[in-house]
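Structure file protein.cif (mmCIF, N, CA, C and O atoms) follows.
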```
data_coords
loop_
_atom_site.label_atom_id
_atom_site.label_comp_id
_atom_site.auth_asym_id
_atom_site.auth_seq_id
_atom_site.Cartn_x
_atom_site.Cartn_y
_atom_site.Cartn_z
N VAL I 837 0.83 -1.18 0.00
CA VAL I 837 0.00 0.00 0.00
C VAL I 837 0.87 1.24 0.00
O VAL I 837 0.64 2.17 -0.73
N GLU I 838 1.89 1.22 0.84
CA GLU I 838 2.75 2.38 0.98
C GLU I 838 3.41 2.71 -0.35
O GLU I 838 3.93 1.85 -1.03
N GLY I 839 3.35 3.97 -0.74
CA GLY I 839 3.98 4.40 -1.97
C GLY I 839 3.15 4.18 -3.22
O GLY I 839 3.58 4.52 -4.30
N MET I 840 1.97 3.58 -3.11
CA MET I 840 1.14 3.34 -4.28
C MET I 840 0.47 4.64 -4.70
O MET I 840 0.10 5.46 -3.89
N ARG I 841 0.29 4.79 -5.99
CA ARG I 841 -0.29 6.01 -6.52
C ARG I 841 -1.42 5.69 -7.48
O ARG I 841 -1.60 4.57 -7.92
N GLY I 842 -2.17 6.72 -7.85
CA GLY I 842 -3.18 6.61 -8.90
C GLY I 842 -4.33 5.71 -8.56
O GLY I 842 -4.81 5.66 -7.43
N GLN I 843 -4.78 4.96 -9.54
CA GLN I 843 -5.97 4.12 -9.42
C GLN I 843 -5.82 3.06 -8.33
O GLN I 843 -6.75 2.77 -7.61
N THR I 844 -4.63 2.48 -8.20
CA THR I 844 -4.43 1.44 -7.19
C THR I 844 -4.68 2.01 -5.80
O THR I 844 -5.39 1.41 -4.99
N GLN I 845 -4.13 3.17 -5.51
CA GLN I 845 -4.35 3.79 -4.21
C GLN I 845 -5.84 4.06 -4.00
O GLN I 845 -6.37 3.82 -2.94
N THR I 846 -6.50 4.53 -5.02
CA THR I 846 -7.94 4.80 -4.94
C THR I 846 -8.70 3.53 -4.63
O THR I 846 -9.61 3.54 -3.81
N ASN I 847 -8.35 2.42 -5.25
CA ASN I 847 -9.04 1.16 -5.00
C ASN I 847 -8.82 0.68 -3.57
O ASN I 847 -9.75 0.15 -2.95
N HIS I 848 -7.64 0.88 -3.01
CA HIS I 848 -7.41 0.55 -1.61
C HIS I 848 -8.36 1.35 -0.72
O HIS I 848 -8.98 0.81 0.19
N MET I 849 -8.47 2.63 -0.99
CA MET I 849 -9.36 3.48 -0.19
C MET I 849 -10.82 3.07 -0.36
O MET I 849 -11.57 3.05 0.61
N ARG I 850 -11.19 2.73 -1.57
CA ARG I 850 -12.58 2.33 -1.83
C ARG I 850 -12.93 1.05 -1.07
O ARG I 850 -14.02 0.93 -0.51
N VAL I 851 -12.00 0.10 -1.05
CA VAL I 851 -12.23 -1.14 -0.31
C VAL I 851 -12.31 -0.86 1.18
O VAL I 851 -13.21 -1.37 1.87
N LEU I 852 -11.42 -0.04 1.70
CA LEU I 852 -11.48 0.33 3.12
C LEU I 852 -12.83 0.96 3.46
O LEU I 852 -13.44 0.64 4.49
N MET I 853 -13.28 1.86 2.61
CA MET I 853 -14.56 2.53 2.87
C MET I 853 -15.72 1.54 2.83
O MET I 853 -16.63 1.61 3.66
N ALA I 854 -15.69 0.60 1.89
CA ALA I 854 -16.77 -0.40 1.80
C ALA I 854 -16.82 -1.26 3.04
O ALA I 854 -17.90 -1.56 3.56
N ILE I 855 -15.67 -1.65 3.55
CA ILE I 855 -15.62 -2.47 4.77
C ILE I 855 -16.06 -1.63 5.97
O ILE I 855 -16.85 -2.09 6.81
N HIS I 856 -15.58 -0.42 6.05
CA HIS I 856 -15.92 0.46 7.17
C HIS I 856 -17.42 0.71 7.25
O HIS I 856 -17.98 0.77 8.35
N ARG I 857 -18.06 0.84 6.14
CA ARG I 857 -19.50 1.16 6.10
C ARG I 857 -20.40 -0.06 6.25
O ARG I 857 -21.60 0.08 6.40
N SER I 858 -19.81 -1.25 6.22
CA SER I 858 -20.63 -2.45 6.34
C SER I 858 -20.95 -2.70 7.81
O SER I 858 -20.16 -2.39 8.69
N PRO I 859 -22.13 -3.26 8.07
CA PRO I 859 -22.48 -3.54 9.47
C PRO I 859 -21.56 -4.61 10.06
O PRO I 859 -21.42 -5.69 9.50
N ASP I 860 -20.90 -4.27 11.13
CA ASP I 860 -20.03 -5.21 11.85
C ASP I 860 -18.89 -5.77 11.00
O ASP I 860 -18.36 -6.82 11.31
N GLY I 861 -18.52 -5.09 9.92
CA GLY I 861 -17.44 -5.57 9.07
C GLY I 861 -17.79 -6.81 8.28
O GLY I 861 -16.94 -7.46 7.70
N ARG I 862 -19.06 -7.16 8.28
CA ARG I 862 -19.49 -8.38 7.60
C ARG I 862 -19.88 -8.05 6.15
O ARG I 862 -21.01 -7.65 5.88
N VAL I 863 -18.92 -8.24 5.29
CA VAL I 863 -19.17 -8.00 3.87
C VAL I 863 -18.29 -8.97 3.09
O VAL I 863 -17.14 -9.20 3.44
N LEU I 864 -18.87 -9.58 2.09
CA LEU I 864 -18.13 -10.54 1.28
C LEU I 864 -17.34 -9.82 0.21
O LEU I 864 -17.77 -8.80 -0.32
N ALA I 865 -16.18 -10.38 -0.11
CA ALA I 865 -15.36 -9.82 -1.19
C ALA I 865 -16.17 -9.74 -2.48
O ALA I 865 -16.05 -8.78 -3.24
N ARG I 866 -17.02 -10.70 -2.70
CA ARG I 866 -17.86 -10.71 -3.90
C ARG I 866 -18.78 -9.48 -3.93
O ARG I 866 -18.94 -8.83 -4.95
N ALA I 867 -19.36 -9.15 -2.78
CA ALA I 867 -20.25 -7.98 -2.71
C ALA I 867 -19.47 -6.69 -2.95
O ALA I 867 -19.94 -5.78 -3.64
N ILE I 868 -18.27 -6.61 -2.37
CA ILE I 868 -17.44 -5.43 -2.59
C ILE I 868 -17.08 -5.32 -4.07
O ILE I 868 -17.13 -4.24 -4.66
N SER I 869 -16.72 -6.45 -4.67
CA SER I 869 -16.32 -6.42 -6.07
C SER I 869 -17.46 -5.95 -6.97
O SER I 869 -17.23 -5.17 -7.90
N ILE I 870 -18.66 -6.35 -6.67
CA ILE I 870 -19.82 -5.91 -7.45
C ILE I 870 -20.06 -4.42 -7.25
O ILE I 870 -20.23 -3.67 -8.20
N ASP I 871 -20.03 -3.98 -6.00
CA ASP I 871 -20.27 -2.56 -5.69
C ASP I 871 -19.22 -1.64 -6.30
O ASP I 871 -19.53 -0.53 -6.72
N LEU I 872 -17.96 -2.11 -6.33
CA LEU I 872 -16.87 -1.25 -6.78
C LEU I 872 -16.46 -1.52 -8.23
O LEU I 872 -15.53 -0.90 -8.73
N ASP I 873 -17.14 -2.46 -8.88
CA ASP I 873 -16.84 -2.83 -10.27
C ASP I 873 -15.38 -3.27 -10.41
O ASP I 873 -14.65 -2.81 -11.28
N LEU I 874 -14.97 -4.15 -9.49
CA LEU I 874 -13.65 -4.77 -9.52
C LEU I 874 -13.85 -6.28 -9.53
O LEU I 874 -14.91 -6.77 -9.15
N THR I 875 -12.83 -7.02 -9.91
CA THR I 875 -12.95 -8.47 -9.82
C THR I 875 -12.82 -8.89 -8.36
O THR I 875 -12.20 -8.19 -7.55
N GLU I 876 -13.39 -10.04 -8.04
CA GLU I 876 -13.29 -10.55 -6.68
C GLU I 876 -11.83 -10.82 -6.32
O GLU I 876 -11.39 -10.56 -5.21
N ARG I 877 -11.06 -11.31 -7.28
CA ARG I 877 -9.65 -11.57 -7.06
C ARG I 877 -8.90 -10.28 -6.70
O ARG I 877 -8.06 -10.26 -5.80
N THR I 878 -9.24 -9.19 -7.39
CA THR I 878 -8.61 -7.90 -7.09
C THR I 878 -8.95 -7.44 -5.69
O THR I 878 -8.08 -6.98 -4.94
N VAL I 879 -10.22 -7.58 -5.30
CA VAL I 879 -10.65 -7.17 -3.96
C VAL I 879 -9.92 -8.00 -2.90
O VAL I 879 -9.44 -7.44 -1.91
N LEU I 880 -9.80 -9.29 -3.11
CA LEU I 880 -9.08 -10.13 -2.14
C LEU I 880 -7.62 -9.73 -2.04
O LEU I 880 -7.04 -9.72 -0.95
N LYS I 881 -7.01 -9.38 -3.15
CA LYS I 881 -5.62 -8.93 -3.15
C LYS I 881 -5.49 -7.62 -2.38
O LYS I 881 -4.59 -7.45 -1.55
N LEU I 882 -6.41 -6.69 -2.62
CA LEU I 882 -6.39 -5.41 -1.92
C LEU I 882 -6.58 -5.60 -0.42
O LEU I 882 -5.89 -4.98 0.39
N ILE I 883 -7.51 -6.47 -0.04
CA ILE I 883 -7.74 -6.76 1.38
C ILE I 883 -6.47 -7.34 2.01
O ILE I 883 -6.07 -6.94 3.11
N GLY I 884 -5.82 -8.25 1.32
CA GLY I 884 -4.57 -8.83 1.82
C GLY I 884 -3.50 -7.77 2.03
O GLY I 884 -2.80 -7.77 3.05
N GLU I 885 -3.37 -6.85 1.08
CA GLU I 885 -2.38 -5.78 1.21
C GLU I 885 -2.73 -4.84 2.35
O GLU I 885 -1.85 -4.41 3.11
N LEU I 886 -4.01 -4.54 2.50
CA LEU I 886 -4.45 -3.66 3.59
C LEU I 886 -4.20 -4.32 4.95
O LEU I 886 -3.80 -3.65 5.91
N ARG I 887 -4.43 -5.63 5.04
CA ARG I 887 -4.14 -6.36 6.28
C ARG I 887 -2.65 -6.34 6.58
O ARG I 887 -2.23 -6.10 7.71
N GLN I 888 -1.85 -6.59 5.56
CA GLN I 888 -0.39 -6.64 5.74
C GLN I 888 0.15 -5.29 6.21
O GLN I 888 1.07 -5.25 7.03
N GLU I 889 -0.42 -4.21 5.74
CA GLU I 889 0.03 -2.87 6.13
C GLU I 889 -0.58 -2.39 7.44
O GLU I 889 -0.27 -1.31 7.92
N GLY I 890 -1.49 -3.19 8.01
CA GLY I 890 -2.06 -2.86 9.32
C GLY I 890 -3.31 -2.00 9.29
O GLY I 890 -3.76 -1.53 10.32
N PHE I 891 -3.92 -1.82 8.11
CA PHE I 891 -5.13 -1.02 8.02
C PHE I 891 -6.37 -1.81 8.41
O PHE I 891 -7.39 -1.24 8.78
N LEU I 892 -6.29 -3.15 8.31
CA LEU I 892 -7.43 -4.02 8.63
C LEU I 892 -6.99 -5.10 9.60
O LEU I 892 -5.85 -5.57 9.55
N THR I 893 -7.91 -5.51 10.45
CA THR I 893 -7.73 -6.73 11.22
C THR I 893 -8.82 -7.69 10.76
O THR I 893 -9.88 -7.27 10.28
N THR I 894 -8.54 -8.97 10.89
CA THR I 894 -9.47 -9.99 10.43
C THR I 894 -9.74 -10.98 11.55
O THR I 894 -8.82 -11.41 12.24
N LYS I 895 -11.00 -11.33 11.69
CA LYS I 895 -11.40 -12.35 12.65
C LYS I 895 -12.23 -13.38 11.89
O LYS I 895 -13.16 -13.02 11.18
N ARG I 896 -11.87 -14.63 12.03
CA ARG I 896 -12.58 -15.69 11.33
C ARG I 896 -13.78 -16.12 12.18
O ARG I 896 -13.64 -16.45 13.36
N GLU I 897 -14.97 -16.10 11.58
CA GLU I 897 -16.19 -16.58 12.24
C GLU I 897 -16.87 -17.58 11.32
O GLU I 897 -17.49 -17.19 10.33
N GLY I 898 -16.71 -18.84 11.65
CA GLY I 898 -17.27 -19.89 10.79
C GLY I 898 -16.56 -19.87 9.45
O GLY I 898 -15.35 -19.98 9.38
N ARG I 899 -17.33 -19.71 8.39
CA ARG I 899 -16.75 -19.68 7.04
C ARG I 899 -16.54 -18.26 6.53
O ARG I 899 -16.20 -18.06 5.38
N GLN I 900 -16.73 -17.29 7.39
CA GLN I 900 -16.66 -15.89 6.96
C GLN I 900 -15.59 -15.13 7.74
O GLN I 900 -15.38 -15.37 8.93
N ASN I 901 -14.91 -14.22 7.06
CA ASN I 901 -13.99 -13.31 7.72
C ASN I 901 -14.74 -12.04 8.09
O ASN I 901 -15.52 -11.52 7.28
N VAL I 902 -14.49 -11.54 9.28
CA VAL I 902 -15.05 -10.26 9.72
C VAL I 902 -13.88 -9.28 9.79
O VAL I 902 -12.91 -9.53 10.50
N TYR I 903 -13.99 -8.21 9.04
CA TYR I 903 -12.90 -7.23 8.95
C TYR I 903 -13.21 -6.02 9.81
O TYR I 903 -14.36 -5.61 9.94
N THR I 904 -12.17 -5.46 10.38
CA THR I 904 -12.28 -4.22 11.14
C THR I 904 -11.23 -3.25 10.62
O THR I 904 -10.06 -3.60 10.52
N VAL I 905 -11.68 -2.04 10.29
CA VAL I 905 -10.76 -1.01 9.84
C VAL I 905 -10.13 -0.38 11.08
O VAL I 905 -10.83 0.02 12.00
N ARG I 906 -8.82 -0.33 11.11
CA ARG I 906 -8.10 0.30 12.22
C ARG I 906 -8.04 1.79 11.94
O ARG I 906 -7.13 2.28 11.27
N MET I 907 -9.04 2.52 12.44
CA MET I 907 -9.16 3.94 12.14
C MET I 907 -7.95 4.72 12.64
O MET I 907 -7.56 5.71 12.02
N SER I 908 -7.32 4.29 13.73
CA SER I 908 -6.14 5.01 14.21
C SER I 908 -5.03 4.94 13.17
O SER I 908 -4.33 5.91 12.93
N LYS I 909 -4.87 3.80 12.53
CA LYS I 909 -3.86 3.64 11.49
C LYS I 909 -4.22 4.49 10.27
O LYS I 909 -3.35 5.14 9.69
N VAL I 910 -5.49 4.50 9.93
CA VAL I 910 -5.93 5.28 8.78
C VAL I 910 -5.67 6.76 9.03
O VAL I 910 -5.13 7.46 8.18
N ARG I 911 -6.04 7.24 10.19
CA ARG I 911 -5.86 8.67 10.51
C ARG I 911 -4.38 9.04 10.60
O ARG I 911 -4.00 10.14 10.26
N ASP I 912 -3.57 8.11 11.09
CA ASP I 912 -2.15 8.41 11.29
C ASP I 912 -1.33 8.26 10.01
O ASP I 912 -0.19 8.66 9.96
N ASP I 913 -1.90 7.67 8.98
CA ASP I 913 -1.15 7.41 7.76
C ASP I 913 -1.60 8.36 6.66
O ASP I 913 -2.21 9.40 6.93
N TYR I 914 -1.36 7.98 5.43
CA TYR I 914 -1.61 8.87 4.30
C TYR I 914 -3.07 9.04 3.93
O TYR I 914 -3.40 9.84 3.08
N LEU I 915 -3.99 8.34 4.58
CA LEU I 915 -5.39 8.41 4.22
C LEU I 915 -6.17 9.43 5.05
O LEU I 915 -7.39 9.42 5.07
N VAL I 916 -5.49 10.31 5.74
CA VAL I 916 -6.15 11.26 6.65
C VAL I 916 -7.32 11.99 5.98
O VAL I 916 -8.41 12.02 6.55
N PRO I 917 -7.17 12.58 4.80
CA PRO I 917 -8.31 13.29 4.21
C PRO I 917 -9.53 12.41 4.00
O PRO I 917 -10.66 12.83 4.23
N ILE I 918 -9.33 11.16 3.59
CA ILE I 918 -10.45 10.25 3.37
C ILE I 918 -11.05 9.85 4.73
O ILE I 918 -12.25 9.83 4.90
N ALA I 919 -10.21 9.51 5.69
CA ALA I 919 -10.68 9.06 6.99
C ALA I 919 -11.55 10.11 7.66
O ALA I 919 -12.54 9.79 8.31
N LEU I 920 -11.22 11.34 7.50
CA LEU I 920 -11.97 12.41 8.14
C LEU I 920 -13.36 12.58 7.56
O LEU I 920 -14.23 13.14 8.19
N THR I 921 -13.58 12.07 6.35
CA THR I 921 -14.90 12.18 5.73
C THR I 921 -15.79 10.98 6.04
O THR I 921 -16.96 10.99 5.73
N TRP I 922 -15.21 9.93 6.64
CA TRP I 922 -15.99 8.73 6.94
C TRP I 922 -16.95 8.98 8.08
O TRP I 922 -16.64 9.71 9.01
N GLN I 923 -18.07 8.32 8.00
CA GLN I 923 -19.02 8.37 9.11
C GLN I 923 -19.16 6.96 9.64
O GLN I 923 -19.09 6.00 8.91
N THR I 924 -19.36 6.86 10.92
CA THR I 924 -19.53 5.54 11.53
C THR I 924 -20.81 4.92 11.00
O THR I 924 -21.84 5.57 10.91
N PRO I 925 -20.73 3.64 10.61
CA PRO I 925 -21.93 2.97 10.05
C PRO I 925 -23.05 2.87 11.06
O PRO I 925 -22.88 2.94 12.22
#
```

Using structure tokens, write down the structure that the file contains.
Amino acid sequence: VEGMRGQTQTNHMRVLMAIHRSPDGRVLARAISIDLDLTERTVLKLIGELRQEGFLTTKREGRQNVYTVRMSKVRDDYLVPIALTWQTP
């Protein structure tokens, strides 16, 4: 994520926003991909990169992952302008 520019950076932010706005972080990669007009594979890759950089935490519940956006990380990193516009779901 760090150092990424252009469309890729935008897609990371879009995925973060989709997860943040979902109730309890319960949203399928397939649903995000449909909403954002991205492939499911791309969304899963973006989620993996966001987790690796510390923007998301993941908790496994049954067959589903529940994601949590680490707002402190978002605010402290390069996404400050976007984070400030987010509203709690």

### Task
Please evaluate the PyMOL selection byres (((chain I and resi 882 and name CA) around 12) and name CA) against the displayed coordinates and give the resulting residues as a PyMOL selection string.
chain I and resi 837+840+844-852+855+865+868-869+874-881+883-889+891-892

### Message
Write out as a ChimeraX atom specification the set of residues from segment 844-917 of chain I that DSSP, computed on the backbone, places in strand (DSSP E or B).
### Response
/I:892-897,900-905

#### Entry: Separation of atom CA of Val863 of chain I from atom CA of Asn901 of chain I, in Å and rounded to one decimal
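Taking atom CA of Val863 of chain I as the start and atom CA of Asn901 of chain I as the end point, the length is 8.4 Å.
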
### Query
Can you list, as a ChimeraX atom specification, the residues that the PyMOL selection byres ((chain I and resi 902) around 7) selects here?
/I:860-863,893-897,900-901,903-904

### Query
By how many Å are atom CA of Leu872 of chain I and atom CA of Met853 of chain I apart?
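Computed distance, atom CA of Leu872 of chain I to atom CA of Met853 of chain I, equals 10.6 Å.
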
### Task
Could you tell me how far atom CA of Ser908 of chain I lies from atom CA of Leu864 of chain I, in Å and to one decimal?
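For atom CA of Ser908 of chain I relative to atom CA of Leu864 of chain I, the distance reads 23.5 Å.
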
Where is the centre and how long are the edges: axis-aligned box on segment 875-883 of chain I, 4 Å on each side, Å to one decimal, as lines of an AutoDock Vina configuration file:
```
center_x = -9.0
center_y = -8.3
center_z = -3.4
size_x = 16.8
size_y = 14.6
size_z = 21.0
```
